[in-house]
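Enquirer: This is structure06.cif (mmCIF, C-alpha atoms).
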data_start
#
loop_
_atom_site.label_atom_id
_atom_site.label_comp_id
_atom_site.auth_asym_id
_atom_site.auth_seq_id
_atom_site.Cartn_x
_atom_site.Cartn_y
_atom_site.Cartn_z
CA MET P 13 0.00 0.00 0.00
CA ASP P 14 1.12 3.53 -0.77
CA TYR P 15 0.25 6.37 1.59
CA VAL P 16 -0.25 10.10 1.24
CA THR P 17 0.48 12.60 4.00
CA LEU P 18 -2.37 15.04 4.53
CA ASN P 19 -1.80 18.72 5.28
CA ASN P 20 -2.01 18.11 9.04
CA GLY P 21 0.60 15.33 8.96
CA LEU P 22 -1.87 12.42 9.09
CA LYS P 23 -1.02 9.48 6.84
CA MET P 24 -3.81 8.04 4.69
CA PRO P 25 -3.78 4.94 2.47
CA GLN P 26 -3.82 6.10 -1.15
CA LEU P 27 -6.20 3.32 -2.16
CA GLY P 28 -9.27 2.66 -0.05
CA PHE P 29 -12.57 0.81 -0.16
CA GLY P 30 -15.85 2.58 -0.88
CA VAL P 31 -19.33 1.36 0.06
CA TRP P 32 -21.66 3.66 -1.86
CA LYS P 33 -24.89 1.86 -2.86
CA VAL P 34 -23.97 -1.11 -0.65
CA THR P 35 -26.76 -2.17 1.71
CA ASP P 36 -26.16 -2.42 5.44
CA GLU P 37 -26.36 -6.22 5.18
CA GLU P 38 -23.94 -6.37 2.25
CA ALA P 39 -21.51 -3.95 3.86
CA THR P 40 -20.41 -6.27 6.65
CA PRO P 41 -19.13 -9.18 4.48
CA ALA P 42 -17.80 -6.82 1.80
CA VAL P 43 -15.78 -4.70 4.23
CA GLN P 44 -14.59 -7.80 6.09
CA LYS P 45 -13.35 -9.25 2.82
CA ALA P 46 -11.67 -5.96 1.90
CA LEU P 47 -9.87 -5.88 5.24
CA GLU P 48 -8.78 -9.50 4.78
CA PHE P 49 -7.27 -8.64 1.40
CA GLY P 50 -5.32 -5.73 2.91
CA TYR P 51 -7.42 -2.58 2.54
CA ARG P 52 -7.07 -0.31 5.56
CA SER P 53 -9.13 2.71 4.48
CA ILE P 54 -12.94 2.42 4.49
CA ASP P 55 -15.15 5.21 3.13
CA THR P 56 -18.81 5.39 4.18
CA ALA P 57 -21.41 8.14 4.74
CA THR P 58 -24.61 8.75 6.66
CA ILE P 59 -26.70 8.77 3.49
CA TYR P 60 -25.36 5.35 2.44
CA GLY P 61 -27.30 3.79 5.30
CA ASN P 62 -24.55 1.24 6.00
CA GLU P 63 -22.54 2.68 8.90
CA VAL P 64 -23.83 -0.08 11.19
CA GLY P 65 -22.73 -2.79 8.75
CA VAL P 66 -19.34 -1.15 8.31
CA GLY P 67 -18.93 -0.92 12.07
CA LYS P 68 -19.70 -4.63 12.49
CA ALA P 69 -17.08 -5.51 9.88
CA ILE P 70 -14.47 -3.40 11.67
CA GLU P 71 -15.33 -5.02 14.99
CA ASN P 72 -15.16 -8.53 13.51
CA SER P 73 -11.99 -7.97 11.51
CA GLY P 74 -9.44 -8.27 14.28
CA VAL P 75 -7.46 -5.44 12.70
CA PRO P 76 -6.23 -3.01 15.39
CA ARG P 77 -8.20 0.25 15.20
CA GLU P 78 -5.04 2.36 14.97
CA LYS P 79 -4.17 0.62 11.69
CA LEU P 80 -7.49 1.58 10.09
CA PHE P 81 -8.54 4.81 8.41
CA ILE P 82 -12.30 5.35 8.68
CA THR P 83 -14.14 8.08 6.78
CA THR P 84 -17.77 9.13 7.05
CA LYS P 85 -19.74 12.19 5.94
CA VAL P 86 -22.44 14.57 7.10
CA TRP P 87 -25.49 14.63 4.82
CA ASN P 88 -27.14 17.71 3.35
CA SER P 89 -30.19 17.64 5.64
CA ASP P 90 -27.90 17.88 8.69
CA HIS P 91 -26.12 21.09 7.65
CA GLY P 92 -25.69 23.81 10.25
CA TYR P 93 -23.44 23.94 13.32
CA GLU P 94 -25.56 22.16 15.94
CA ASN P 95 -27.15 19.75 13.45
CA THR P 96 -23.71 18.64 12.30
CA LEU P 97 -22.48 17.96 15.83
CA LYS P 98 -25.59 15.86 16.48
CA ALA P 99 -25.24 14.02 13.17
CA PHE P 100 -21.63 13.18 13.99
CA ASP P 101 -22.61 11.69 17.35
CA GLU P 102 -25.17 9.52 15.59
CA SER P 103 -22.64 8.37 12.98
CA LEU P 104 -20.15 7.43 15.70
CA GLU P 105 -22.80 5.41 17.51
CA ARG P 106 -23.79 3.54 14.33
CA LEU P 107 -20.15 2.83 13.54
CA GLY P 108 -19.43 1.76 17.12
CA GLN P 109 -16.36 3.98 17.17
CA GLU P 110 -14.89 6.52 19.57
CA TYR P 111 -13.49 8.62 16.72
CA VAL P 112 -13.17 8.67 12.95
CA ASP P 113 -10.07 9.50 10.99
CA LEU P 114 -11.80 11.73 8.44
CA TYR P 115 -15.14 13.54 8.51
CA LEU P 116 -16.40 15.21 5.34
CA ILE P 117 -19.21 17.52 4.24
CA HIS P 118 -20.94 15.46 1.56
CA TRP P 119 -22.11 18.35 -0.67
CA PRO P 120 -21.95 22.13 -0.37
CA THR P 121 -25.69 22.50 -1.23
CA PRO P 122 -25.12 26.19 -2.06
CA LYS P 123 -28.84 26.94 -2.25
CA TYR P 124 -29.06 26.68 1.56
CA ASP P 125 -25.72 28.44 2.21
CA GLN P 126 -24.93 26.56 5.42
CA TYR P 127 -21.70 24.83 4.48
CA VAL P 128 -19.47 27.38 6.27
CA ASP P 129 -21.29 26.85 9.60
CA THR P 130 -21.22 23.11 8.94
CA TYR P 131 -17.49 23.23 8.38
CA LYS P 132 -17.00 25.19 11.61
CA ALA P 133 -18.66 22.29 13.42
CA LEU P 134 -16.12 19.97 11.77
CA GLU P 135 -13.36 22.28 13.05
CA LYS P 136 -14.69 21.88 16.59
CA LEU P 137 -14.80 18.08 16.25
CA ASN P 138 -11.23 18.18 14.99
CA LYS P 139 -10.10 20.46 17.82
CA ASP P 140 -11.78 18.17 20.37
CA GLY P 141 -9.86 15.17 18.99
CA ARG P 142 -12.95 13.27 17.86
CA VAL P 143 -11.91 13.54 14.21
CA LYS P 144 -8.28 13.33 13.10
CA ALA P 145 -8.81 15.21 9.84
CA ILE P 146 -11.66 17.15 8.23
CA GLY P 147 -12.57 17.92 4.67
CA VAL P 148 -15.25 18.13 2.03
CA CYS P 149 -16.77 16.35 -0.95
CA ASN P 150 -17.94 17.80 -4.24
CA PHE P 151 -16.62 21.31 -3.53
CA ASP P 152 -15.72 23.45 -6.52
CA VAL P 153 -13.10 26.19 -6.38
CA GLU P 154 -15.63 28.85 -5.31
CA HIS P 155 -16.81 26.73 -2.36
CA LEU P 156 -13.28 25.90 -1.27
CA GLN P 157 -12.23 29.54 -1.51
CA ARG P 158 -15.00 30.54 0.91
CA LEU P 159 -13.77 28.01 3.46
CA LEU P 160 -10.23 29.32 3.06
CA ASP P 161 -11.47 32.88 3.57
CA GLU P 162 -13.89 32.28 6.46
CA CYS P 163 -12.59 29.25 8.38
CA GLU P 164 -9.40 28.36 10.22
CA VAL P 165 -8.54 24.81 9.12
CA VAL P 166 -7.64 24.15 5.49
CA PRO P 167 -9.60 21.08 4.34
CA ALA P 168 -7.39 17.99 4.30
CA ILE P 169 -9.42 16.33 1.53
CA ASN P 170 -11.74 17.24 -1.32
CA GLN P 171 -13.47 14.08 -2.52
CA VAL P 172 -14.89 14.51 -6.01
CA GLU P 173 -15.87 12.57 -9.11
CA TYR P 174 -12.60 11.99 -10.94
CA HIS P 175 -11.65 9.56 -13.70
CA PRO P 176 -9.91 9.72 -17.11
CA TYR P 177 -13.04 11.20 -18.74
CA LEU P 178 -13.38 13.85 -15.99
CA GLN P 179 -9.95 15.05 -14.93
CA GLN P 180 -10.99 18.34 -13.27
CA LYS P 181 -7.63 19.98 -13.96
CA GLU P 182 -8.49 23.47 -12.70
CA LEU P 183 -9.89 22.07 -9.45
CA LYS P 184 -6.94 19.69 -9.03
CA ASN P 185 -4.46 22.53 -9.54
CA PHE P 186 -6.29 24.67 -6.96
CA CYS P 187 -6.24 21.82 -4.45
CA GLU P 188 -2.55 21.18 -5.00
CA GLU P 189 -1.78 24.89 -4.60
CA HIS P 190 -3.55 24.93 -1.21
CA LYS P 191 -2.33 21.50 -0.06
CA ILE P 192 -5.82 19.97 -0.21
CA GLN P 193 -5.57 16.30 -1.17
CA LEU P 194 -7.89 15.32 -4.04
CA GLU P 195 -9.74 12.03 -3.55
CA ALA P 196 -11.58 10.26 -6.38
CA TYR P 197 -14.97 8.64 -6.14
CA SER P 198 -16.52 6.83 -9.11
CA PRO P 199 -12.92 6.24 -10.27
CA LEU P 200 -14.11 3.61 -12.75
CA MET P 201 -17.00 5.81 -13.91
CA ASN P 202 -19.45 3.42 -12.24
CA GLY P 203 -18.43 0.69 -14.72
CA ARG P 204 -19.41 2.76 -17.76
CA ASP P 205 -17.67 3.79 -20.99
CA ILE P 206 -14.15 4.26 -19.64
CA LEU P 207 -13.64 0.52 -19.07
CA HIS P 208 -14.22 -0.04 -22.79
CA ASP P 209 -12.01 2.79 -24.06
CA GLU P 210 -9.55 1.55 -26.69
CA VAL P 211 -6.58 3.36 -25.11
CA ILE P 212 -7.31 1.79 -21.73
CA LYS P 213 -7.82 -1.65 -23.27
CA GLU P 214 -4.51 -1.41 -25.14
CA LEU P 215 -2.67 -0.51 -21.94
CA ALA P 216 -4.39 -3.35 -20.09
CA GLU P 217 -3.12 -5.77 -22.72
CA LYS P 218 0.36 -4.25 -22.59
CA TYR P 219 0.68 -4.85 -18.84
CA GLY P 220 -1.39 -8.03 -18.51
CA LYS P 221 -3.84 -6.16 -16.31
CA THR P 222 -7.56 -5.41 -16.45
CA PRO P 223 -8.84 -2.03 -17.68
CA ALA P 224 -9.95 -1.28 -14.10
CA GLN P 225 -6.45 -1.91 -12.78
CA VAL P 226 -4.93 0.39 -15.41
CA ILE P 227 -7.36 3.17 -14.46
CA LEU P 228 -6.70 2.77 -10.75
CA ARG P 229 -2.96 2.82 -11.41
CA TRP P 230 -3.45 6.07 -13.34
CA HIS P 231 -5.21 7.56 -10.32
CA LEU P 232 -2.32 6.64 -8.05
CA GLN P 233 0.22 8.15 -10.44
CA THR P 234 -1.73 11.41 -10.64
CA ASN P 235 -1.26 11.66 -6.85
CA VAL P 236 -4.95 11.21 -6.13
CA VAL P 237 -6.46 9.10 -3.34
CA VAL P 238 -8.87 6.59 -4.86
CA ILE P 239 -11.74 4.54 -3.38
CA PRO P 240 -13.11 1.89 -5.77
CA LYS P 241 -16.21 0.01 -4.67
CA SER P 242 -17.32 -3.58 -5.21
CA VAL P 243 -19.14 -6.32 -3.32
CA THR P 244 -17.62 -9.09 -5.45
CA PRO P 245 -14.62 -10.66 -3.63
CA SER P 246 -12.63 -11.24 -6.83
CA ARG P 247 -13.09 -7.59 -7.87
CA ILE P 248 -12.29 -6.34 -4.37
CA GLU P 249 -8.99 -8.23 -4.56
CA GLU P 250 -8.34 -7.22 -8.18
CA ASN P 251 -8.72 -3.51 -7.39
CA LEU P 252 -6.01 -3.76 -4.76
CA ASN P 253 -3.49 -5.44 -7.05
CA VAL P 254 -2.20 -2.26 -8.69
CA PHE P 255 1.10 -1.79 -6.89
CA ASP P 256 3.17 -4.22 -8.97
CA PHE P 257 3.37 -2.21 -12.20
CA GLU P 258 3.85 1.39 -13.29
CA LEU P 259 2.54 3.34 -16.27
CA THR P 260 5.15 5.17 -18.33
CA ASP P 261 5.07 8.92 -18.97
CA GLU P 262 3.87 8.12 -22.49
CA ASP P 263 1.05 5.99 -21.09
CA MET P 264 0.07 8.80 -18.73
CA ASP P 265 0.04 11.29 -21.60
CA LYS P 266 -2.27 9.04 -23.60
CA ILE P 267 -4.72 8.85 -20.72
CA ALA P 268 -4.49 12.60 -20.12
CA GLU P 269 -5.80 13.10 -23.66
CA LEU P 270 -9.00 11.16 -22.82
CA ASP P 271 -10.44 14.01 -20.74
CA ARG P 272 -13.95 14.83 -21.99
CA ASN P 273 -15.32 16.72 -18.99
CA LEU P 274 -17.88 13.90 -18.86
CA ARG P 275 -19.63 13.64 -15.51
CA VAL P 276 -21.83 10.74 -14.37
CA GLY P 277 -22.84 12.36 -11.08
CA ASN P 278 -24.36 15.69 -10.09
CA MET P 279 -22.88 19.14 -10.61
CA PRO P 280 -21.84 20.43 -7.16
CA SER P 281 -23.31 23.86 -7.77
CA GLU P 282 -26.67 22.34 -8.71
CA MET P 283 -26.96 19.51 -6.16
CA ASN P 284 -29.25 20.83 -3.39
CA LYS P 285 -31.20 17.69 -2.51
CA ARG P 286 -31.91 17.25 1.20
#
Can you give me the file's structure in the form of structure tokens?
Expert:
Amino acid sequence: MDYVTLNNGLKMPQLGFGVWKVTDEEATPAVQKALEFGYRSIDTATIYGNEVGVGKAIENSGVPREKLFITTKVWNSDHGYENTLKAFDESLERLGQEYVDLYLIHWPTPKYDQYVDTYKALEKLNKDGRVKAIGVCNFDVEHLQRLLDECEVVPAINQVEYHPYLQQKELKNFCEEHKIQLEAYSPLMNGRDILHDEVIKELAEKYGKTPAQVILRWHLQTNVVVIPKSVTPSRIEENLNVFDFELTDEDMDKIAELDRNLRVGNMPSEMNKR
């Protein structure tokens, strides 16, 4: 496993395990299997409805807590200072944990304009030692800039949709400039077009790897944290086996040219669902 060092000095596995759209019942065996294979970073969220299942897997795994990196997120309906503190307590209880390593705002929901107060609640949780690092998801430059202007703690993470067809170069450059680590969700584009791209398929053949492994390797080499998701044991294991080969500069250039600004999820500035 490779690690990144966040802007507060905390080390985070560069490849983690996501559980979006995994039921509570499915989460326990899937996360247990992931931990058996060697994953140490688990990414969940309140809205996923599987924090209990994730917590059971952690408890059953036998892996010492200090070797794990657990992320969860506050949902849009819980924005606001006091609401966020309450939501965090509830997440901790469902997870069966005394702390989490990373707590994120799931969306800025700009229509309601509460994300600054929400982030200030995260700062308090961080200051109190209940969260080791804090950050955001789906924040564009304008949302990040407001946090930089109005809050004290620079976000450690910005988790966004990121894959070869959506490379978000302006956002990535901004994050790098301000030492905010970019983290990719939907790194395989939810199993859509990118896995069938001819460039990706050619590179997979070149290295004797699957298209998914080539894409995940690309993420690692662009210095992005990546959290693929699967409930299939063979895929869970496959997604982790990306540390035994390296793409060349030429390979990386070919993938860089695939950027189409093609998004499969919501636009952050337009996502105001609560």
Enquirer: Please tabulate, as CSV, the residues of stretch 162-274 of chain P that come within 7 Å of stretch 140-151 of chain P, each with its closest pair of atoms and the distance in Å to one decimal, counting all atoms listed in the file and ordering rows by chain, then residue number upward.
Expert:
residue,atom,partner,partner_atom,distance
P:Pro167,CA,P:Gly147,CA,4.3
P:Ala168,CA,P:Gly147,CA,5.2
P:Ile169,CA,P:Gly147,CA,4.7
P:Asn170,CA,P:Val148,CA,4.9
P:Gln171,CA,P:Cys149,CA,4.3
P:Val172,CA,P:Asn150,CA,4.8
Enquirer: What would the selection look like, as a ChimeraX atom specification, if the PyMOL selection byres ((chain P and resi 94-96) around 12) were run on the coordinates I just shared?
Expert: /P:58,85-93,97-103,115-118,126-137
Enquirer: Quote the spacing between atom CA of P:Ile267 and atom CA of P:Thr222 in Å to one decimal place.
Expert: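 Interatomic distance here is 15.2 Å.
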Enquirer: So how far away is atom CA of P:Gln193 from atom CA of P:Ala69, in Å?
Expert: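 Atom-to-atom, atom CA of P:Ala69 to atom CA of P:Gln193, that is 27.0 Å.
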Enquirer: Apply the PyMOL selection byres ((chain P and resi 52) around 12) to the displayed file and report the matching residues as a PDB file with C-alpha atoms, in the coordinates of the input.
Expert:
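part_19.pdb, written as the output of this step:
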ATOM      1  CA  MET P  13       0.000   0.000   0.000  1.00  0.00           C
ATOM      2  CA  ASP P  14       1.120   3.530  -0.770  1.00  0.00           C
ATOM      3  CA  TYR P  15       0.250   6.370   1.590  1.00  0.00           C
ATOM      4  CA  LYS P  23      -1.020   9.480   6.840  1.00  0.00           C
ATOM      5  CA  MET P  24      -3.810   8.040   4.690  1.00  0.00           C
ATOM      6  CA  PRO P  25      -3.780   4.940   2.470  1.00  0.00           C
ATOM      7  CA  GLN P  26      -3.820   6.100  -1.150  1.00  0.00           C
ATOM      8  CA  LEU P  27      -6.200   3.320  -2.160  1.00  0.00           C
ATOM      9  CA  GLY P  28      -9.270   2.660  -0.050  1.00  0.00           C
ATOM     10  CA  PHE P  29     -12.570   0.810  -0.160  1.00  0.00           C
ATOM     11  CA  GLY P  30     -15.850   2.580  -0.880  1.00  0.00           C
ATOM     12  CA  VAL P  43     -15.780  -4.700   4.230  1.00  0.00           C
ATOM     13  CA  GLN P  44     -14.590  -7.800   6.090  1.00  0.00           C
ATOM     14  CA  LYS P  45     -13.350  -9.250   2.820  1.00  0.00           C
ATOM     15  CA  ALA P  46     -11.670  -5.960   1.900  1.00  0.00           C
ATOM     16  CA  LEU P  47      -9.870  -5.880   5.240  1.00  0.00           C
ATOM     17  CA  GLU P  48      -8.780  -9.500   4.780  1.00  0.00           C
ATOM     18  CA  PHE P  49      -7.270  -8.640   1.400  1.00  0.00           C
ATOM     19  CA  GLY P  50      -5.320  -5.730   2.910  1.00  0.00           C
ATOM     20  CA  TYR P  51      -7.420  -2.580   2.540  1.00  0.00           C
ATOM     21  CA  SER P  53      -9.130   2.710   4.480  1.00  0.00           C
ATOM     22  CA  ILE P  54     -12.940   2.420   4.490  1.00  0.00           C
ATOM     23  CA  ASP P  55     -15.150   5.210   3.130  1.00  0.00           C
ATOM     24  CA  ILE P  70     -14.470  -3.400  11.670  1.00  0.00           C
ATOM     25  CA  SER P  73     -11.990  -7.970  11.510  1.00  0.00           C
ATOM     26  CA  VAL P  75      -7.460  -5.440  12.700  1.00  0.00           C
ATOM     27  CA  PRO P  76      -6.230  -3.010  15.390  1.00  0.00           C
ATOM     28  CA  ARG P  77      -8.200   0.250  15.200  1.00  0.00           C
ATOM     29  CA  GLU P  78      -5.040   2.360  14.970  1.00  0.00           C
ATOM     30  CA  LYS P  79      -4.170   0.620  11.690  1.00  0.00           C
ATOM     31  CA  LEU P  80      -7.490   1.580  10.090  1.00  0.00           C
ATOM     32  CA  PHE P  81      -8.540   4.810   8.410  1.00  0.00           C
ATOM     33  CA  ILE P  82     -12.300   5.350   8.680  1.00  0.00           C
ATOM     34  CA  THR P  83     -14.140   8.080   6.780  1.00  0.00           C
ATOM     35  CA  ASP P 113     -10.070   9.500  10.990  1.00  0.00           C
ATOM     36  CA  ILE P 239     -11.740   4.540  -3.380  1.00  0.00           C
ATOM     37  CA  LEU P 252      -6.010  -3.760  -4.760  1.00  0.00           C
TER      38      LEU P 252
END
Enquirer: Could you list, as a ChimeraX atom specification, every residue within 9 Å of P:Pro245, counting all atoms listed in the file and ignoring same-chain residues fewer than 2 positions away?
Expert: /P:42,45-46,242-243,247-250
Enquirer: Could you dump the residues just selected with C-alpha atoms as a PDB file, in the frame of the given file?
Expert:
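Dumped everything to result-v3.pdb:
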ATOM      1  CA  ALA P  42     -17.800  -6.820   1.800  1.00  0.00           C
ATOM      2  CA  LYS P  45     -13.350  -9.250   2.820  1.00  0.00           C
ATOM      3  CA  ALA P  46     -11.670  -5.960   1.900  1.00  0.00           C
ATOM      4  CA  SER P 242     -17.320  -3.580  -5.210  1.00  0.00           C
ATOM      5  CA  VAL P 243     -19.140  -6.320  -3.320  1.00  0.00           C
ATOM      6  CA  ARG P 247     -13.090  -7.590  -7.870  1.00  0.00           C
ATOM      7  CA  ILE P 248     -12.290  -6.340  -4.370  1.00  0.00           C
ATOM      8  CA  GLU P 249      -8.990  -8.230  -4.560  1.00  0.00           C
ATOM      9  CA  GLU P 250      -8.340  -7.220  -8.180  1.00  0.00           C
TER      10      GLU P 250
END
Enquirer: So how many Å separate atom CA of P:Ile212 and atom CA of P:Ser246, to one decimal?
Expert: 20.5 Å
Enquirer: Mind filling out stretch 177-210 of chain P with N, CA and C atoms and sending it as a PDB file, in the coordinates of the input?
Expert:
ATOM      1  N   TYR P 177     -12.126  10.381 -17.933  1.00  0.00           N
ATOM      2  CA  TYR P 177     -13.040  11.200 -18.740  1.00  0.00           C
ATOM      3  C   TYR P 177     -13.453  12.487 -18.028  1.00  0.00           C
ATOM      4  N   LEU P 178     -13.085  12.630 -16.747  1.00  0.00           N
ATOM      5  CA  LEU P 178     -13.380  13.850 -15.990  1.00  0.00           C
ATOM      6  C   LEU P 178     -12.181  14.146 -15.081  1.00  0.00           C
ATOM      7  N   GLN P 179     -11.216  14.871 -15.630  1.00  0.00           N
ATOM      8  CA  GLN P 179      -9.950  15.050 -14.930  1.00  0.00           C
ATOM      9  C   GLN P 179      -9.867  16.314 -14.078  1.00  0.00           C
ATOM     10  N   GLN P 180     -10.853  17.205 -14.186  1.00  0.00           N
ATOM     11  CA  GLN P 180     -10.990  18.340 -13.270  1.00  0.00           C
ATOM     12  C   GLN P 180      -9.659  19.071 -13.028  1.00  0.00           C
ATOM     13  N   LYS P 181      -8.985  19.446 -14.098  1.00  0.00           N
ATOM     14  CA  LYS P 181      -7.630  19.980 -13.960  1.00  0.00           C
ATOM     15  C   LYS P 181      -7.555  21.293 -13.185  1.00  0.00           C
ATOM     16  N   GLU P 182      -8.501  22.187 -13.433  1.00  0.00           N
ATOM     17  CA  GLU P 182      -8.490  23.470 -12.700  1.00  0.00           C
ATOM     18  C   GLU P 182      -8.670  23.233 -11.202  1.00  0.00           C
ATOM     19  N   LEU P 183      -9.633  22.373 -10.854  1.00  0.00           N
ATOM     20  CA  LEU P 183      -9.890  22.070  -9.450  1.00  0.00           C
ATOM     21  C   LEU P 183      -8.686  21.368  -8.826  1.00  0.00           C
ATOM     22  N   LYS P 184      -8.111  20.434  -9.542  1.00  0.00           N
ATOM     23  CA  LYS P 184      -6.940  19.690  -9.030  1.00  0.00           C
ATOM     24  C   LYS P 184      -5.771  20.641  -8.786  1.00  0.00           C
ATOM     25  N   ASN P 185      -5.552  21.561  -9.708  1.00  0.00           N
ATOM     26  CA  ASN P 185      -4.460  22.530  -9.540  1.00  0.00           C
ATOM     27  C   ASN P 185      -4.696  23.414  -8.317  1.00  0.00           C
ATOM     28  N   PHE P 186      -5.944  23.845  -8.124  1.00  0.00           N
ATOM     29  CA  PHE P 186      -6.290  24.670  -6.960  1.00  0.00           C
ATOM     30  C   PHE P 186      -6.014  23.907  -5.668  1.00  0.00           C
ATOM     31  N   CYS P 187      -6.446  22.646  -5.643  1.00  0.00           N
ATOM     32  CA  CYS P 187      -6.240  21.820  -4.450  1.00  0.00           C
ATOM     33  C   CYS P 187      -4.756  21.628  -4.162  1.00  0.00           C
ATOM     34  N   GLU P 188      -3.988  21.364  -5.198  1.00  0.00           N
ATOM     35  CA  GLU P 188      -2.550  21.180  -5.000  1.00  0.00           C
ATOM     36  C   GLU P 188      -1.895  22.456  -4.488  1.00  0.00           C
ATOM     37  N   GLU P 189      -2.331  23.593  -5.015  1.00  0.00           N
ATOM     38  CA  GLU P 189      -1.780  24.890  -4.600  1.00  0.00           C
ATOM     39  C   GLU P 189      -2.021  25.145  -3.110  1.00  0.00           C
ATOM     40  N   HIS P 190      -3.172  24.674  -2.604  1.00  0.00           N
ATOM     41  CA  HIS P 190      -3.550  24.930  -1.210  1.00  0.00           C
ATOM     42  C   HIS P 190      -3.359  23.706  -0.318  1.00  0.00           C
ATOM     43  N   LYS P 191      -2.630  22.708  -0.825  1.00  0.00           N
ATOM     44  CA  LYS P 191      -2.330  21.500  -0.060  1.00  0.00           C
ATOM     45  C   LYS P 191      -3.588  20.765   0.426  1.00  0.00           C
ATOM     46  N   ILE P 192      -4.597  20.748  -0.445  1.00  0.00           N
ATOM     47  CA  ILE P 192      -5.820  19.970  -0.210  1.00  0.00           C
ATOM     48  C   ILE P 192      -5.714  18.705  -1.062  1.00  0.00           C
ATOM     49  N   GLN P 193      -5.725  17.552  -0.442  1.00  0.00           N
ATOM     50  CA  GLN P 193      -5.570  16.300  -1.170  1.00  0.00           C
ATOM     51  C   GLN P 193      -6.850  15.969  -1.940  1.00  0.00           C
ATOM     52  N   LEU P 194      -6.728  15.729  -3.244  1.00  0.00           N
ATOM     53  CA  LEU P 194      -7.890  15.320  -4.040  1.00  0.00           C
ATOM     54  C   LEU P 194      -8.105  13.816  -3.864  1.00  0.00           C
ATOM     55  N   GLU P 195      -9.355  13.445  -3.693  1.00  0.00           N
ATOM     56  CA  GLU P 195      -9.740  12.030  -3.550  1.00  0.00           C
ATOM     57  C   GLU P 195     -10.814  11.726  -4.584  1.00  0.00           C
ATOM     58  N   ALA P 196     -10.687  10.595  -5.267  1.00  0.00           N
ATOM     59  CA  ALA P 196     -11.580  10.260  -6.380  1.00  0.00           C
ATOM     60  C   ALA P 196     -12.638   9.256  -5.979  1.00  0.00           C
ATOM     61  N   TYR P 197     -13.910   9.644  -6.187  1.00  0.00           N
ATOM     62  CA  TYR P 197     -14.970   8.640  -6.140  1.00  0.00           C
ATOM     63  C   TYR P 197     -15.443   8.388  -7.574  1.00  0.00           C
ATOM     64  N   SER P 198     -16.161   7.302  -7.763  1.00  0.00           N
ATOM     65  CA  SER P 198     -16.520   6.830  -9.110  1.00  0.00           C
ATOM     66  C   SER P 198     -15.275   6.787 -10.009  1.00  0.00           C
ATOM     67  N   PRO P 199     -14.173   6.231  -9.502  1.00  0.00           N
ATOM     68  CA  PRO P 199     -12.920   6.240 -10.270  1.00  0.00           C
ATOM     69  C   PRO P 199     -12.988   5.412 -11.545  1.00  0.00           C
ATOM     70  N   LEU P 200     -13.922   4.451 -11.570  1.00  0.00           N
ATOM     71  CA  LEU P 200     -14.110   3.610 -12.750  1.00  0.00           C
ATOM     72  C   LEU P 200     -15.374   4.019 -13.506  1.00  0.00           C
ATOM     73  N   MET P 201     -15.838   5.246 -13.220  1.00  0.00           N
ATOM     74  CA  MET P 201     -17.000   5.810 -13.910  1.00  0.00           C
ATOM     75  C   MET P 201     -18.231   4.931 -13.732  1.00  0.00           C
ATOM     76  N   ASN P 202     -18.327   4.313 -12.545  1.00  0.00           N
ATOM     77  CA  ASN P 202     -19.450   3.420 -12.240  1.00  0.00           C
ATOM     78  C   ASN P 202     -19.571   2.290 -13.264  1.00  0.00           C
ATOM     79  N   GLY P 203     -18.426   1.821 -13.776  1.00  0.00           N
ATOM     80  CA  GLY P 203     -18.430   0.690 -14.720  1.00  0.00           C
ATOM     81  C   GLY P 203     -18.901   1.050 -16.109  1.00  0.00           C
ATOM     82  N   ARG P 204     -18.896   2.337 -16.458  1.00  0.00           N
ATOM     83  CA  ARG P 204     -19.410   2.760 -17.760  1.00  0.00           C
ATOM     84  C   ARG P 204     -18.310   2.822 -18.821  1.00  0.00           C
ATOM     85  N   ASP P 205     -18.452   3.761 -19.755  1.00  0.00           N
ATOM     86  CA  ASP P 205     -17.670   3.790 -20.990  1.00  0.00           C
ATOM     87  C   ASP P 205     -16.156   3.626 -20.819  1.00  0.00           C
ATOM     88  N   ILE P 206     -15.609   4.193 -19.755  1.00  0.00           N
ATOM     89  CA  ILE P 206     -14.150   4.260 -19.640  1.00  0.00           C
ATOM     90  C   ILE P 206     -13.506   2.867 -19.643  1.00  0.00           C
ATOM     91  N   LEU P 207     -14.208   1.873 -19.114  1.00  0.00           N
ATOM     92  CA  LEU P 207     -13.640   0.520 -19.070  1.00  0.00           C
ATOM     93  C   LEU P 207     -13.532  -0.101 -20.463  1.00  0.00           C
ATOM     94  N   HIS P 208     -14.229   0.493 -21.426  1.00  0.00           N
ATOM     95  CA  HIS P 208     -14.220  -0.040 -22.790  1.00  0.00           C
ATOM     96  C   HIS P 208     -13.453   0.860 -23.756  1.00  0.00           C
ATOM     97  N   ASP P 209     -12.786   1.879 -23.212  1.00  0.00           N
ATOM     98  CA  ASP P 209     -12.010   2.790 -24.060  1.00  0.00           C
ATOM     99  C   ASP P 209     -10.831   2.041 -24.678  1.00  0.00           C
ATOM    100  N   GLU P 210     -10.593   2.288 -25.972  1.00  0.00           N
ATOM    101  CA  GLU P 210      -9.550   1.550 -26.690  1.00  0.00           C
ATOM    102  C   GLU P 210      -8.161   1.812 -26.112  1.00  0.00           C
TER     103      GLU P 210
END
